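Structure first, then comments.
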Amino acid sequence: MMRHKAWTLTDATHDVWLDSFATGNDRLGLGPGNWSMRKRTLHGGLREGVDLIEVDNGALSYIILPTRGMGLWHGLYHGHFLGWRAPVHGPVHPRHVEQAGRGGLGWLAGFDEWLCRCGLSWNGPPGEDVHTDRAGRQRRDVLTLHGRIANLPAHFVEARVNLDAPHELVVVGQVEEGMLFSQRLLLTTTYTTVPGSNRVVIHDVVENRGGEPAELQLLYHCNVGPPFLEAGSRVLLPSREAAPISARAAEGIDTLDTYAGPVAGFAEQVYCYDPVPDASGRTLAMLYNAAADRALVVRFNRNELPCFTVWKNTGALEDGYVTGLEPATNYPNFKSFERRQGRVPVLVPGGRWECTWSLEVHDSKGGVAEVLKEIAMLQAHARAVIHRVPQAKFSEPPAPA
C-alpha cells in the first residue's frame with residue numbers, strides 16, 4: 001500500500017476548517033522537483049469567500065475551486081495560460097449566481113472556469129421537463145441552464161501527497177446535490193498529478209444516496225482560449241460521425257475543424273461527435289495552435305463518456321474568445337430529448353457511476369505530432385462521416401414556427 005501524508009482542509013460534518021494551508025517539496029523533501037500545494041480564501045467583490053487550492057507540480061499548475069463544485073479555475077504550463085478570459089470577474093461566489101434569472105440562463109453569471117461540470121441531475125438548455133418518472137408519477141420540473149453542481153460548495157476536501165515515488169499530488173473533494181422530495185447525488189472528485197508532468201487526471205464518482213432511482217447527466221465543459229486558441233487553430237478527434245447541433249452551426253460546417261480569430265458579435269456554434277475508441281474504449285481530442293507547437297489534449301473513455309461536443313464561441317476577446325472541448329454522458333440538448341435517445345443514465349438506490357479522464361498540455365512540435373499520430377491511428381478504424389445539417393439522433397429538430 002502506498003504511503004501518503006494527508007491534510008483535511010474542509011469537513012463540514014466534523015466542523016473542520018482550514019482557512020489557509022501550504023506544503024511543498026521544500027518541506028517534505030521527496031526527491032528532486034519544486035512542487036507545492038496551498039489553500040487560501042479570496043476576498044473582495046464577487047469572489048468574497050471563494051476558496052481556492054493551488055497545485056503546482058513544477059511544470060503544470062492549476063487552481064481548484066471547492067466553493068464552485070470543485071471546478072478548475074485556470075492553470076499554467078511552462079508559462080502558457082490554461083483557461084479563457086471570460087467577461088466575468090471571477091471566480092464568482094455562488095451566492096451571486098441567480099440560476100433562474102434571465103429565463104434560466106443565470107448560470108452564465110458565474111461561468112469563467114477552465115473546467116466546469118454541468119450536471120448532475122441535468123445539463124443543457126433551460127426549460128420545463130414534463131415527463132413520467134420511473135414510479136409512474138407525472139412530473140413538471142423547471143430546469144435551468146447546465147444544472148446546479150458548479151454552484152454548490154464542497155463539504156469535504158482533502159489534500160494528499162504520496163510519500164513513495166512518483167509522489168503524486170492529490171486533491172479530493174465531495175459535493176452533494178439534492179433536496180427534499182428530489183434526487184440526492186454525491187460527487188466525489190479526485191485530481192491527481194505527478195511532479196514535473198504535463199497532465200492532471202480527474203477521477204469522478206457519482207453515487208445515488210437516495211432511496212429511489214435517480215437520473216444522471218454530466219458534461220465536462222473544458223474551456224480554452226489564447227494562446228492555444230487563435231486564428232488557424234484546429235480541433236481534431238477520431239470520430240465515426242460529426243454533425244452540427246443547429247442550423248446556426250451548419251453555417252460553419254466547412255470550417256468544422258478550424259478556427260478564425262476573434263470576431264465581434266459571433267454567434268456560438270456547437271458540433272456533436274461520435275468518437276472512435278481503441279479496444280479498451282480509450283480515445284482523445286486535441287486543440288492545437290496554428291504553428292502546431294502548443295496543444296491541449298482531452299483523454300477519456302468512450303465506455304464512460306460516450307458523447308463529445310465542440311463549442312465554438314470565437315467572439316471578441318472582450319466578450320470571451322473561447323472554445324469548449326466537452327466529453328459527456330450526453331449531448332447538450334434539453335433533457336427530455338436526451339432521455340428519449342437513451343442518453344440519461346439511471347442510478348439505482350446506492351448505485352454509482354464513475355469515470356477517469358485527463359487534461360494534458362504540450363508545448364513542442366514533437367509533442368503535438370505524436371498526438372496527431374495517435375488520432376490518425378484511431379481514425380484509421382472508421383471512415384468519418386461529416387453531416388452538413390443537423391441529425392435527428394444528435395439534436396432535436398426545431399419546433400414549427
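In the C-alpha cells, chains take the letters A, B, ... in the order shown, each chain's residues start at 1, and ligands count up from 1 in the order shown.
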Region 37-46 of chain A environment, 7 Å, only C-alpha atoms, sequence neighbours closer than 3 positions dropped, as a list in words: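 Residues near the query, excluding close chain neighbours: Asp19, Ser20, Phe21, Ala22, Thr23, Gly24, Gly49, Val50, Asp51, Leu52, Ile53, Glu54, Val55, Asp56, Gly90, Val92, His93 and His96 of chain A.
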Deliver the residues from the most recent selection as a file, using C-alpha atoms, as a compact mmCIF listing (two decimals), in the first residue's frame.
```txt
# COMPACT_ATOMS: atom_id res chain seq x y z
CA ASP A 19 -8.65 28.88 6.17
CA SER A 20 -5.10 28.52 4.85
CA PHE A 21 -2.74 25.64 4.15
CA ALA A 22 0.60 25.16 2.43
CA THR A 23 3.05 22.35 1.80
CA GLY A 24 5.71 21.62 -0.76
CA GLY A 49 -15.43 33.93 0.41
CA VAL A 50 -14.36 31.72 -2.51
CA ASP A 51 -11.83 29.06 -1.51
CA LEU A 52 -9.13 28.02 -3.91
CA ILE A 53 -6.47 25.33 -3.85
CA GLU A 54 -3.36 25.90 -5.95
CA VAL A 55 -1.46 22.83 -7.10
CA ASP A 56 1.91 23.37 -8.80
CA GLY A 90 -14.42 35.52 -11.25
CA VAL A 92 -17.83 34.25 -8.60
CA HIS A 93 -19.26 33.06 -5.29
CA HIS A 96 -24.21 35.91 -6.57
```
Selection near region 244-258 of chain A, 6 Å with only C-alpha atoms, sequence-local residues under 2 positions removed, as a count of residues only: 9
d(CA of Asp141 (chain A), CA of Gly173 (chain A)) in Å: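 Interatomic distance here is 28.3 Å.
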Using the chain letters and numbers from this document, which residues of region 51-132 of chain A does DSSP assign to helix (DSSP H, G or I), as a compact mmCIF listing (two decimals) with N, CA and C atoms, in the first residue's frame?
```
# COMPACT_ATOMS: atom_id res chain seq x y z
N PRO A 66 -13.11 24.65 -4.59
CA PRO A 66 -14.07 23.89 -3.79
C PRO A 66 -15.42 24.60 -3.63
N THR A 67 -15.41 25.93 -3.61
CA THR A 67 -16.65 26.69 -3.45
C THR A 67 -17.54 26.59 -4.68
N ARG A 68 -16.96 26.28 -5.82
CA ARG A 68 -17.71 26.19 -7.08
C ARG A 68 -17.63 24.77 -7.64
N PRO A 94 -21.09 31.44 -5.49
CA PRO A 94 -22.43 31.01 -5.90
C PRO A 94 -23.57 31.87 -5.36
N ARG A 95 -23.35 32.56 -4.24
CA ARG A 95 -24.42 33.40 -3.70
C ARG A 95 -24.83 34.51 -4.67
N HIS A 96 -23.93 34.83 -5.61
CA HIS A 96 -24.21 35.91 -6.57
C HIS A 96 -24.75 35.38 -7.90
N GLY A 101 -32.48 33.26 -13.13
CA GLY A 101 -32.55 34.56 -13.79
C GLY A 101 -32.38 34.46 -15.30
N ARG A 102 -32.81 35.49 -15.99
CA ARG A 102 -32.73 35.58 -17.45
C ARG A 102 -33.32 34.33 -18.13
N GLY A 103 -34.50 33.93 -17.65
CA GLY A 103 -35.16 32.79 -18.27
C GLY A 103 -34.44 31.48 -18.07
N GLY A 104 -33.72 31.35 -16.96
CA GLY A 104 -32.99 30.12 -16.68
C GLY A 104 -31.55 30.13 -17.14
N GLY A 106 -29.21 32.22 -15.88
CA GLY A 106 -28.41 32.91 -14.88
C GLY A 106 -27.10 32.23 -14.54
N TRP A 107 -26.99 30.94 -14.83
CA TRP A 107 -25.74 30.18 -14.62
C TRP A 107 -24.55 30.89 -15.26
N LEU A 108 -24.79 31.59 -16.36
CA LEU A 108 -23.71 32.24 -17.10
C LEU A 108 -23.03 33.36 -16.30
N ALA A 109 -23.69 33.87 -15.26
CA ALA A 109 -23.12 34.94 -14.46
C ALA A 109 -21.92 34.48 -13.64
N GLY A 110 -21.73 33.17 -13.48
CA GLY A 110 -20.59 32.68 -12.73
C GLY A 110 -19.64 31.84 -13.54
```
Selection: 6 Å around region 364-380 of chain A, only C-alpha atoms, excl. self and same-chain fewer than 4 positions, as a list in words: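 After dropping sequence-adjacent residues, the list is Pro238, Ala292 and Asp293 of chain A.
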Non-local contacts of Val297 (chain A) (10 Å; only C-alpha atoms; under 5 positions in same chain excluded) as a list in words: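 Residues near the query, excluding close chain neighbours: Arg199, Val235, Leu236, Leu237, Leu284, Ala285, Met286, Leu287, Tyr288, Leu325, Ser358, Leu359, Glu360, Val361, His362, Val368 and Val371 of chain A.
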Keeping only N, CA and C atoms, write the selected residues as an mmCIF file, in the first residue's frame.
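Okay, this is what ended up in again-v5.cif:
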```cif
data_model
loop_
_atom_site.group_PDB
_atom_site.id
_atom_site.type_symbol
_atom_site.label_atom_id
_atom_site.label_comp_id
_atom_site.auth_asym_id
_atom_site.auth_seq_id
_atom_site.Cartn_x
_atom_site.Cartn_y
_atom_site.Cartn_z
ATOM 1 N N ARG A 199 0.262 16.650 -17.115
ATOM 2 C CA ARG A 199 -1.092 16.090 -17.093
ATOM 3 C C ARG A 199 -1.701 16.156 -15.696
ATOM 4 N N VAL A 235 -9.090 21.714 -34.167
ATOM 5 C CA VAL A 235 -9.539 20.716 -33.209
ATOM 6 C C VAL A 235 -9.710 19.402 -33.960
ATOM 7 N N LEU A 236 -9.159 18.329 -33.407
ATOM 8 C CA LEU A 236 -9.225 17.023 -34.055
ATOM 9 C C LEU A 236 -9.568 15.953 -33.026
ATOM 10 N N LEU A 237 -10.392 15.007 -33.438
ATOM 11 C CA LEU A 237 -10.609 13.791 -32.669
ATOM 12 C C LEU A 237 -11.049 12.711 -33.633
ATOM 13 N N LEU A 284 -9.447 10.314 -27.520
ATOM 14 C CA LEU A 284 -8.884 11.614 -27.177
ATOM 15 C C LEU A 284 -9.321 12.669 -28.172
ATOM 16 N N ALA A 285 -9.164 13.918 -27.779
ATOM 17 C CA ALA A 285 -9.389 15.062 -28.658
ATOM 18 C C ALA A 285 -8.292 16.072 -28.391
ATOM 19 N N MET A 286 -7.940 16.847 -29.412
ATOM 20 C CA MET A 286 -6.850 17.811 -29.257
ATOM 21 C C MET A 286 -7.194 19.127 -29.934
ATOM 22 N N LEU A 287 -6.928 20.219 -29.235
ATOM 23 C CA LEU A 287 -6.939 21.560 -29.810
ATOM 24 C C LEU A 287 -5.490 22.006 -29.905
ATOM 25 N N TYR A 288 -5.061 22.421 -31.106
ATOM 26 C CA TYR A 288 -3.685 22.901 -31.228
ATOM 27 C C TYR A 288 -3.631 24.174 -32.051
ATOM 28 N N LEU A 325 -14.084 21.933 -25.275
ATOM 29 C CA LEU A 325 -13.932 20.518 -25.597
ATOM 30 C C LEU A 325 -14.653 19.756 -24.499
ATOM 31 N N SER A 358 -8.462 12.824 -18.430
ATOM 32 C CA SER A 358 -7.330 13.698 -18.122
ATOM 33 C C SER A 358 -7.250 14.880 -19.062
ATOM 34 N N LEU A 359 -6.584 15.918 -18.560
ATOM 35 C CA LEU A 359 -6.194 17.083 -19.349
ATOM 36 C C LEU A 359 -4.673 17.062 -19.462
ATOM 37 N N GLU A 360 -4.183 17.238 -20.681
ATOM 38 C CA GLU A 360 -2.750 17.091 -20.970
ATOM 39 C C GLU A 360 -2.318 18.265 -21.841
ATOM 40 N N VAL A 361 -1.150 18.824 -21.575
ATOM 41 C CA VAL A 361 -0.680 20.006 -22.291
ATOM 42 C C VAL A 361 0.647 19.711 -22.992
ATOM 43 N N HIS A 362 0.779 20.217 -24.220
ATOM 44 C CA HIS A 362 2.037 20.089 -24.972
ATOM 45 C C HIS A 362 2.479 21.470 -25.442
ATOM 46 N N VAL A 368 3.019 17.656 -30.139
ATOM 47 C CA VAL A 368 1.784 17.754 -30.932
ATOM 48 C C VAL A 368 1.778 16.695 -32.031
ATOM 49 N N VAL A 371 0.699 13.241 -30.776
ATOM 50 C CA VAL A 371 -0.736 13.118 -30.544
ATOM 51 C C VAL A 371 -1.486 13.026 -31.872
#
```
Residue contacts of Arg160 (chain A) (9 Å, only C-alpha atoms) excluding same-chain residues fewer than 4 positions away, as an NGL selection string: :A and (4-8 or 168-172)
Go ahead and write the selection's residues with C-alpha atoms as a PDB file, in the first residue's frame.
```pdb
ATOM      1  CA  HIS A   4       0.898   9.152   1.975  1.00  0.00           C
ATOM      2  CA  LYS A   5       0.515  12.261   4.093  1.00  0.00           C
ATOM      3  CA  ALA A   6      -2.948  13.841   4.199  1.00  0.00           C
ATOM      4  CA  TRP A   7      -4.475  17.107   5.389  1.00  0.00           C
ATOM      5  CA  THR A   8      -8.211  17.632   5.866  1.00  0.00           C
ATOM      6  CA  GLU A 168       1.528  12.016  -6.670  1.00  0.00           C
ATOM      7  CA  LEU A 169      -0.145  15.257  -5.577  1.00  0.00           C
ATOM      8  CA  VAL A 170      -3.819  14.602  -4.861  1.00  0.00           C
ATOM      9  CA  VAL A 171      -6.851  16.727  -4.007  1.00  0.00           C
ATOM     10  CA  VAL A 172     -10.167  15.032  -3.151  1.00  0.00           C
TER      11      VAL A 172
END
```
DSSP strand (DSSP E) selection over region 199-271 of chain A, as a PyMOL selection string: chain A and resi 199-208+214-215+217-224+234-236+239-244+269-271
Residue nearest Pro327 (chain A) - candidates A:Met70, A:Ala267, A:Cys116, A:Leu152, atoms counted: only C-alpha atoms: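 Among A:Met70, A:Ala267, A:Cys116, A:Leu152, it is A:Cys116 that comes nearest to Pro327 (chain A).
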A:Gly83, A:Gly69, A:Gly178, A:Gly350 ranked by distance to Gly324 (chain A), top pick (using only C-alpha atoms): A:Gly83
Residue contacts of Pro87 (chain A) (9 Å, only C-alpha atoms) excluding same-chain residues fewer than 3 positions away, as a VMD selection string: chain A and resid 90 111 to 112 317 to 320
Would you write out those residues with N, CA, C and O atoms, as a short mmCIF file (atom, residue, chain, number, x, y, z; two decimals), in the first residue's frame?
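Full text of out07.cif as output:
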```cif
data_model
loop_
_atom_site.label_atom_id
_atom_site.label_comp_id
_atom_site.auth_asym_id
_atom_site.auth_seq_id
_atom_site.Cartn_x
_atom_site.Cartn_y
_atom_site.Cartn_z
N GLY A 90 -14.30 36.63 -12.17
CA GLY A 90 -14.42 35.52 -11.25
C GLY A 90 -13.16 35.31 -10.43
O GLY A 90 -12.20 36.09 -10.52
N PHE A 111 -19.82 31.80 -14.84
CA PHE A 111 -19.11 30.87 -15.72
C PHE A 111 -17.80 31.48 -16.22
O PHE A 111 -17.81 32.33 -17.11
N ASP A 112 -16.67 31.07 -15.64
CA ASP A 112 -15.38 31.54 -16.18
C ASP A 112 -14.26 30.53 -15.96
O ASP A 112 -13.09 30.85 -16.05
N LEU A 317 -12.36 39.35 -28.06
CA LEU A 317 -11.60 38.99 -26.86
C LEU A 317 -12.30 39.49 -25.60
O LEU A 317 -12.34 38.80 -24.58
N GLU A 318 -12.86 40.69 -25.69
CA GLU A 318 -13.52 41.28 -24.53
C GLU A 318 -14.78 40.52 -24.13
O GLU A 318 -15.24 40.61 -22.99
N ASP A 319 -15.36 39.79 -25.08
CA ASP A 319 -16.63 39.09 -24.84
C ASP A 319 -16.46 37.60 -24.57
O ASP A 319 -17.45 36.89 -24.40
N GLY A 320 -15.19 37.12 -24.56
CA GLY A 320 -14.96 35.72 -24.25
C GLY A 320 -14.64 34.89 -25.48
O GLY A 320 -15.46 34.08 -25.93
#
```
